Amino acid sequence: MAEKFRVMFAGLESGIDQTQATEQLAAKLKTSTDKVAGLFEHKPLFAPSDQEKALKQAKLLASVGIKAKLQPVSQQPASIGLDAKQRDERIFDALDYITSSLIRLEEKLDDLEQRLPELENSSELSSTDNWQEKDLLDEEAYCEPVKKRSNTLLYSLIAMVVVLLIALGIVELFPDLFSFLES
């Protein structure tokens, strides 16, 4: 596995203002200035990458007047605490979102339940008792016995698999028996 590097802030070129460098870099990267400003607080701007890509990122920072250094990133031990903390934060954010969504759904259901009696009353007044005169539910259609299927296809497939397994066993036990097929 190749070693990963992270580009970290080391300083500014002489005569370069931090806000000017932030705006230029944000424009080049097409991102927010808040995210770029985090670089000056020693927060990573780019994800860990191989050395060649990290050098290109450092060159990009140098083009706007920001001095950068490459910091090797260990793969497992150092990042476990941060990853677990970030993972926990993401889980809590997701749970918070789910909880708020459930609360909104419950509120909508309450609204619908309050409207439902009004809708039922209006529909009862507009409809007549014609539904009782029509035989909408034919009980005989639901009482038909379930037709039993034939298992012929299943039995023939099982028989074919057994025959093929027997043929494979014979070929494995007696390889010289079918030597005429190889020539």
# chains A, B, ... in the order shown; residues from 1 in each chain; ligands from 1
>>> residues_around(residues="Phe5 of chain A", least_positions_apart="5", cutoff="9 Å", atoms="only C-alpha atoms", output="number ranges by chain")
A: 47-51, 53-54, 70-74
>>> write_last_selection(atoms="all heavy atoms", output="PDB file, in the first residue's frame")
ATOM      1  N   ALA A  47      -8.105  15.690   0.872  1.00  0.00           N
ATOM      2  CA  ALA A  47      -8.045  14.352   1.455  1.00  0.00           C
ATOM      3  C   ALA A  47      -6.634  13.804   1.297  1.00  0.00           C
ATOM      4  O   ALA A  47      -5.900  14.218   0.397  1.00  0.00           O
ATOM      5  CB  ALA A  47      -9.045  13.437   0.750  1.00  0.00           C
ATOM      6  N   PRO A  48      -6.210  12.890   2.153  1.00  0.00           N
ATOM      7  CA  PRO A  48      -4.890  12.287   1.991  1.00  0.00           C
ATOM      8  C   PRO A  48      -4.778  11.622   0.617  1.00  0.00           C
ATOM      9  O   PRO A  48      -5.718  11.000   0.136  1.00  0.00           O
ATOM     10  CB  PRO A  48      -4.826  11.246   3.106  1.00  0.00           C
ATOM     11  CG  PRO A  48      -5.848  11.666   4.100  1.00  0.00           C
ATOM     12  CD  PRO A  48      -6.903  12.380   3.329  1.00  0.00           C
ATOM     13  N   SER A  49      -3.613  11.784   0.001  1.00  0.00           N
ATOM     14  CA  SER A  49      -3.413  11.217  -1.330  1.00  0.00           C
ATOM     15  C   SER A  49      -1.967  10.791  -1.472  1.00  0.00           C
ATOM     16  O   SER A  49      -1.143  11.007  -0.576  1.00  0.00           O
ATOM     17  CB  SER A  49      -3.794  12.249  -2.398  1.00  0.00           C
ATOM     18  OG  SER A  49      -3.023  13.418  -2.229  1.00  0.00           O
ATOM     19  N   ASP A  50      -1.641  10.201  -2.615  1.00  0.00           N
ATOM     20  CA  ASP A  50      -0.265   9.766  -2.837  1.00  0.00           C
ATOM     21  C   ASP A  50       0.645  10.990  -3.003  1.00  0.00           C
ATOM     22  O   ASP A  50       0.181  12.121  -3.131  1.00  0.00           O
ATOM     23  CB  ASP A  50      -0.173   8.834  -4.037  1.00  0.00           C
ATOM     24  CG  ASP A  50      -0.667   9.480  -5.320  1.00  0.00           C
ATOM     25  OD1 ASP A  50      -1.234  10.575  -5.252  1.00  0.00           O
ATOM     26  OD2 ASP A  50      -0.472   8.878  -6.390  1.00  0.00           O
ATOM     27  N   GLN A  51       1.952  10.749  -2.994  1.00  0.00           N
ATOM     28  CA  GLN A  51       2.911  11.847  -2.947  1.00  0.00           C
ATOM     29  C   GLN A  51       2.822  12.744  -4.173  1.00  0.00           C
ATOM     30  O   GLN A  51       2.881  13.970  -4.067  1.00  0.00           O
ATOM     31  CB  GLN A  51       4.333  11.293  -2.804  1.00  0.00           C
ATOM     32  CG  GLN A  51       5.362  12.366  -2.573  1.00  0.00           C
ATOM     33  CD  GLN A  51       6.735  11.801  -2.278  1.00  0.00           C
ATOM     34  OE1 GLN A  51       6.959  10.608  -2.420  1.00  0.00           O
ATOM     35  NE2 GLN A  51       7.646  12.651  -1.857  1.00  0.00           N
ATOM     36  N   LYS A  53       0.239  13.423  -6.171  1.00  0.00           N
ATOM     37  CA  LYS A  53      -0.942  14.279  -6.124  1.00  0.00           C
ATOM     38  C   LYS A  53      -0.808  15.337  -5.037  1.00  0.00           C
ATOM     39  O   LYS A  53      -1.220  16.488  -5.217  1.00  0.00           O
ATOM     40  CB  LYS A  53      -2.189  13.424  -5.887  1.00  0.00           C
ATOM     41  CG  LYS A  53      -3.470  14.195  -6.019  1.00  0.00           C
ATOM     42  CD  LYS A  53      -4.670  13.289  -5.972  1.00  0.00           C
ATOM     43  CE  LYS A  53      -5.938  14.085  -6.134  1.00  0.00           C
ATOM     44  NZ  LYS A  53      -7.118  13.241  -6.077  1.00  0.00           N
ATOM     45  N   ALA A  54      -0.203  14.971  -3.905  1.00  0.00           N
ATOM     46  CA  ALA A  54      -0.013  15.929  -2.824  1.00  0.00           C
ATOM     47  C   ALA A  54       0.944  17.044  -3.256  1.00  0.00           C
ATOM     48  O   ALA A  54       0.751  18.211  -2.893  1.00  0.00           O
ATOM     49  CB  ALA A  54       0.523  15.221  -1.577  1.00  0.00           C
ATOM     50  N   LEU A  70       4.174  18.819   3.169  1.00  0.00           N
ATOM     51  CA  LEU A  70       3.559  17.498   3.074  1.00  0.00           C
ATOM     52  C   LEU A  70       3.742  16.783   4.399  1.00  0.00           C
ATOM     53  O   LEU A  70       4.847  16.724   4.931  1.00  0.00           O
ATOM     54  CB  LEU A  70       4.194  16.681   1.951  1.00  0.00           C
ATOM     55  CG  LEU A  70       4.025  17.219   0.540  1.00  0.00           C
ATOM     56  CD1 LEU A  70       4.632  16.258  -0.457  1.00  0.00           C
ATOM     57  CD2 LEU A  70       2.578  17.456   0.208  1.00  0.00           C
ATOM     58  N   GLN A  71       2.674  16.246   4.902  1.00  0.00           N
ATOM     59  CA  GLN A  71       2.716  15.535   6.165  1.00  0.00           C
ATOM     60  C   GLN A  71       2.286  14.098   5.901  1.00  0.00           C
ATOM     61  O   GLN A  71       1.169  13.869   5.413  1.00  0.00           O
ATOM     62  CB  GLN A  71       1.777  16.202   7.163  1.00  0.00           C
ATOM     63  CG  GLN A  71       1.783  15.580   8.525  1.00  0.00           C
ATOM     64  CD  GLN A  71       0.835  16.309   9.461  1.00  0.00           C
ATOM     65  OE1 GLN A  71      -0.102  16.969   9.022  1.00  0.00           O
ATOM     66  NE2 GLN A  71       1.076  16.182  10.743  1.00  0.00           N
ATOM     67  N   PRO A  72       3.163  13.123   6.204  1.00  0.00           N
ATOM     68  CA  PRO A  72       2.757  11.736   5.987  1.00  0.00           C
ATOM     69  C   PRO A  72       1.620  11.363   6.929  1.00  0.00           C
ATOM     70  O   PRO A  72       1.597  11.783   8.084  1.00  0.00           O
ATOM     71  CB  PRO A  72       4.016  10.916   6.278  1.00  0.00           C
ATOM     72  CG  PRO A  72       4.961  11.836   6.956  1.00  0.00           C
ATOM     73  CD  PRO A  72       4.526  13.231   6.711  1.00  0.00           C
ATOM     74  N   VAL A  73       0.695  10.593   6.409  1.00  0.00           N
ATOM     75  CA  VAL A  73      -0.473  10.181   7.187  1.00  0.00           C
ATOM     76  C   VAL A  73      -0.368   8.689   7.422  1.00  0.00           C
ATOM     77  O   VAL A  73      -0.252   7.911   6.477  1.00  0.00           O
ATOM     78  CB  VAL A  73      -1.783  10.502   6.424  1.00  0.00           C
ATOM     79  CG1 VAL A  73      -2.978  10.007   7.200  1.00  0.00           C
ATOM     80  CG2 VAL A  73      -1.874  11.978   6.166  1.00  0.00           C
ATOM     81  N   SER A  74      -0.374   8.299   8.691  1.00  0.00           N
ATOM     82  CA  SER A  74      -0.365   6.867   8.989  1.00  0.00           C
ATOM     83  C   SER A  74      -1.747   6.324   8.702  1.00  0.00           C
ATOM     84  O   SER A  74      -2.754   6.977   8.943  1.00  0.00           O
ATOM     85  CB  SER A  74       0.044   6.623  10.436  1.00  0.00           C
ATOM     86  OG  SER A  74      -0.863   7.256  11.305  1.00  0.00           O
TER      87      SER A  74
END
>>> residues_around(residues="Ala21 of chain A", least_positions_apart="6", cutoff="12 Å", atoms="only C-alpha atoms", output="list of chain:residue names")
A:Gly11, A:Leu12, A:Glu13, A:Ser14, A:Gly15, A:Ala27, A:Lys28, A:Thr33, A:Val36, A:Ala37, A:Leu39, A:Phe40, A:Leu60, A:Leu61, A:Ala62, A:Ser63, A:Val64, A:Gly65, A:Ile66, A:Lys67
>>> write_last_selection(atoms="N, CA and C atoms", output="mmCIF file, in the first residue's frame")
data_model
loop_
_atom_site.group_PDB
_atom_site.id
_atom_site.type_symbol
_atom_site.label_atom_id
_atom_site.label_comp_id
_atom_site.auth_asym_id
_atom_site.auth_seq_id
_atom_site.Cartn_x
_atom_site.Cartn_y
_atom_site.Cartn_z
ATOM 1 N N GLY A 11 2.679 28.553 5.956
ATOM 2 C CA GLY A 11 2.858 29.985 6.063
ATOM 3 C C GLY A 11 2.426 30.678 4.787
ATOM 4 N N LEU A 12 2.564 32.013 4.770
ATOM 5 C CA LEU A 12 2.207 32.806 3.598
ATOM 6 C C LEU A 12 3.466 33.426 3.007
ATOM 7 N N GLU A 13 3.465 33.604 1.718
ATOM 8 C CA GLU A 13 4.556 34.317 1.049
ATOM 9 C C GLU A 13 4.545 35.764 1.523
ATOM 10 N N SER A 14 5.699 36.402 1.466
ATOM 11 C CA SER A 14 5.756 37.794 1.898
ATOM 12 C C SER A 14 4.951 38.660 0.932
ATOM 13 N N GLY A 15 4.179 39.580 1.481
ATOM 14 C CA GLY A 15 3.367 40.485 0.678
ATOM 15 C C GLY A 15 2.010 39.908 0.299
ATOM 16 N N ALA A 27 -11.670 30.593 -5.374
ATOM 17 C CA ALA A 27 -12.091 30.746 -6.768
ATOM 18 C C ALA A 27 -11.485 29.641 -7.635
ATOM 19 N N LYS A 28 -10.223 29.276 -7.403
ATOM 20 C CA LYS A 28 -9.583 28.222 -8.196
ATOM 21 C C LYS A 28 -10.205 26.861 -7.918
ATOM 22 N N THR A 33 -15.244 30.082 0.799
ATOM 23 C CA THR A 33 -14.088 30.676 1.471
ATOM 24 C C THR A 33 -13.961 30.161 2.903
ATOM 25 N N VAL A 36 -11.847 27.054 2.769
ATOM 26 C CA VAL A 36 -10.450 27.403 2.527
ATOM 27 C C VAL A 36 -9.848 28.050 3.768
ATOM 28 N N ALA A 37 -10.625 28.833 4.499
ATOM 29 C CA ALA A 37 -10.129 29.486 5.718
ATOM 30 C C ALA A 37 -9.745 28.453 6.772
ATOM 31 N N LEU A 39 -8.005 25.935 6.271
ATOM 32 C CA LEU A 39 -6.615 25.567 5.994
ATOM 33 C C LEU A 39 -5.669 26.371 6.875
ATOM 34 N N PHE A 40 -5.980 27.645 7.116
ATOM 35 C CA PHE A 40 -5.123 28.499 7.927
ATOM 36 C C PHE A 40 -5.198 28.138 9.408
ATOM 37 N N LEU A 60 -0.372 24.053 -6.274
ATOM 38 C CA LEU A 60 -1.561 24.886 -6.436
ATOM 39 C C LEU A 60 -1.629 25.937 -5.329
ATOM 40 N N LEU A 61 -1.338 25.525 -4.101
ATOM 41 C CA LEU A 61 -1.340 26.470 -2.984
ATOM 42 C C LEU A 61 -0.237 27.511 -3.166
ATOM 43 N N ALA A 62 0.912 27.094 -3.675
ATOM 44 C CA ALA A 62 2.021 28.025 -3.884
ATOM 45 C C ALA A 62 1.678 29.052 -4.959
ATOM 46 N N SER A 63 0.826 28.677 -5.912
ATOM 47 C CA SER A 63 0.470 29.614 -6.980
ATOM 48 C C SER A 63 -0.344 30.800 -6.466
ATOM 49 N N VAL A 64 -0.999 30.656 -5.311
ATOM 50 C CA VAL A 64 -1.757 31.769 -4.735
ATOM 51 C C VAL A 64 -1.023 32.391 -3.551
ATOM 52 N N GLY A 65 0.233 31.946 -3.286
ATOM 53 C CA GLY A 65 1.047 32.547 -2.247
ATOM 54 C C GLY A 65 0.973 31.868 -0.894
ATOM 55 N N ILE A 66 0.540 30.619 -0.852
ATOM 56 C CA ILE A 66 0.451 29.890 0.411
ATOM 57 C C ILE A 66 1.557 28.845 0.438
ATOM 58 N N LYS A 67 2.384 28.881 1.481
ATOM 59 C CA LYS A 67 3.417 27.871 1.660
ATOM 60 C C LYS A 67 2.772 26.650 2.301
#
>>> closest_residue(among="A:Thr152, A:Lys35, A:Val163, A:Phe46", to="Glu23 of chain A", atoms="only C-alpha atoms")
A:Lys35
>>> atom_distance(atom1="atom CA of Glu113 of chain A", atom2="atom CA of Tyr97 of chain A")
24.3 Å
>>> residues_around(residues="Ser32 of chain A", least_positions_apart="6", cutoff="10 Å", atoms="only C-alpha atoms", output="mmCIF file with N, CA and C atoms, in the first residue's frame")
data_model
loop_
_atom_site.group_PDB
_atom_site.id
_atom_site.type_symbol
_atom_site.label_atom_id
_atom_site.label_comp_id
_atom_site.auth_asym_id
_atom_site.auth_seq_id
_atom_site.Cartn_x
_atom_site.Cartn_y
_atom_site.Cartn_z
ATOM 1 N N THR A 22 -7.109 33.493 0.408
ATOM 2 C CA THR A 22 -8.303 32.668 0.627
ATOM 3 C C THR A 22 -9.273 32.814 -0.538
ATOM 4 N N GLU A 23 -9.505 34.041 -0.960
ATOM 5 C CA GLU A 23 -10.445 34.281 -2.059
ATOM 6 C C GLU A 23 -9.935 33.692 -3.371
ATOM 7 N N LEU A 25 -7.800 31.172 -3.771
ATOM 8 C CA LEU A 25 -7.829 29.708 -3.706
ATOM 9 C C LEU A 25 -9.262 29.191 -3.804
ATOM 10 N N ALA A 26 -10.190 29.865 -3.157
ATOM 11 C CA ALA A 26 -11.595 29.460 -3.229
ATOM 12 C C ALA A 26 -12.106 29.568 -4.655
#
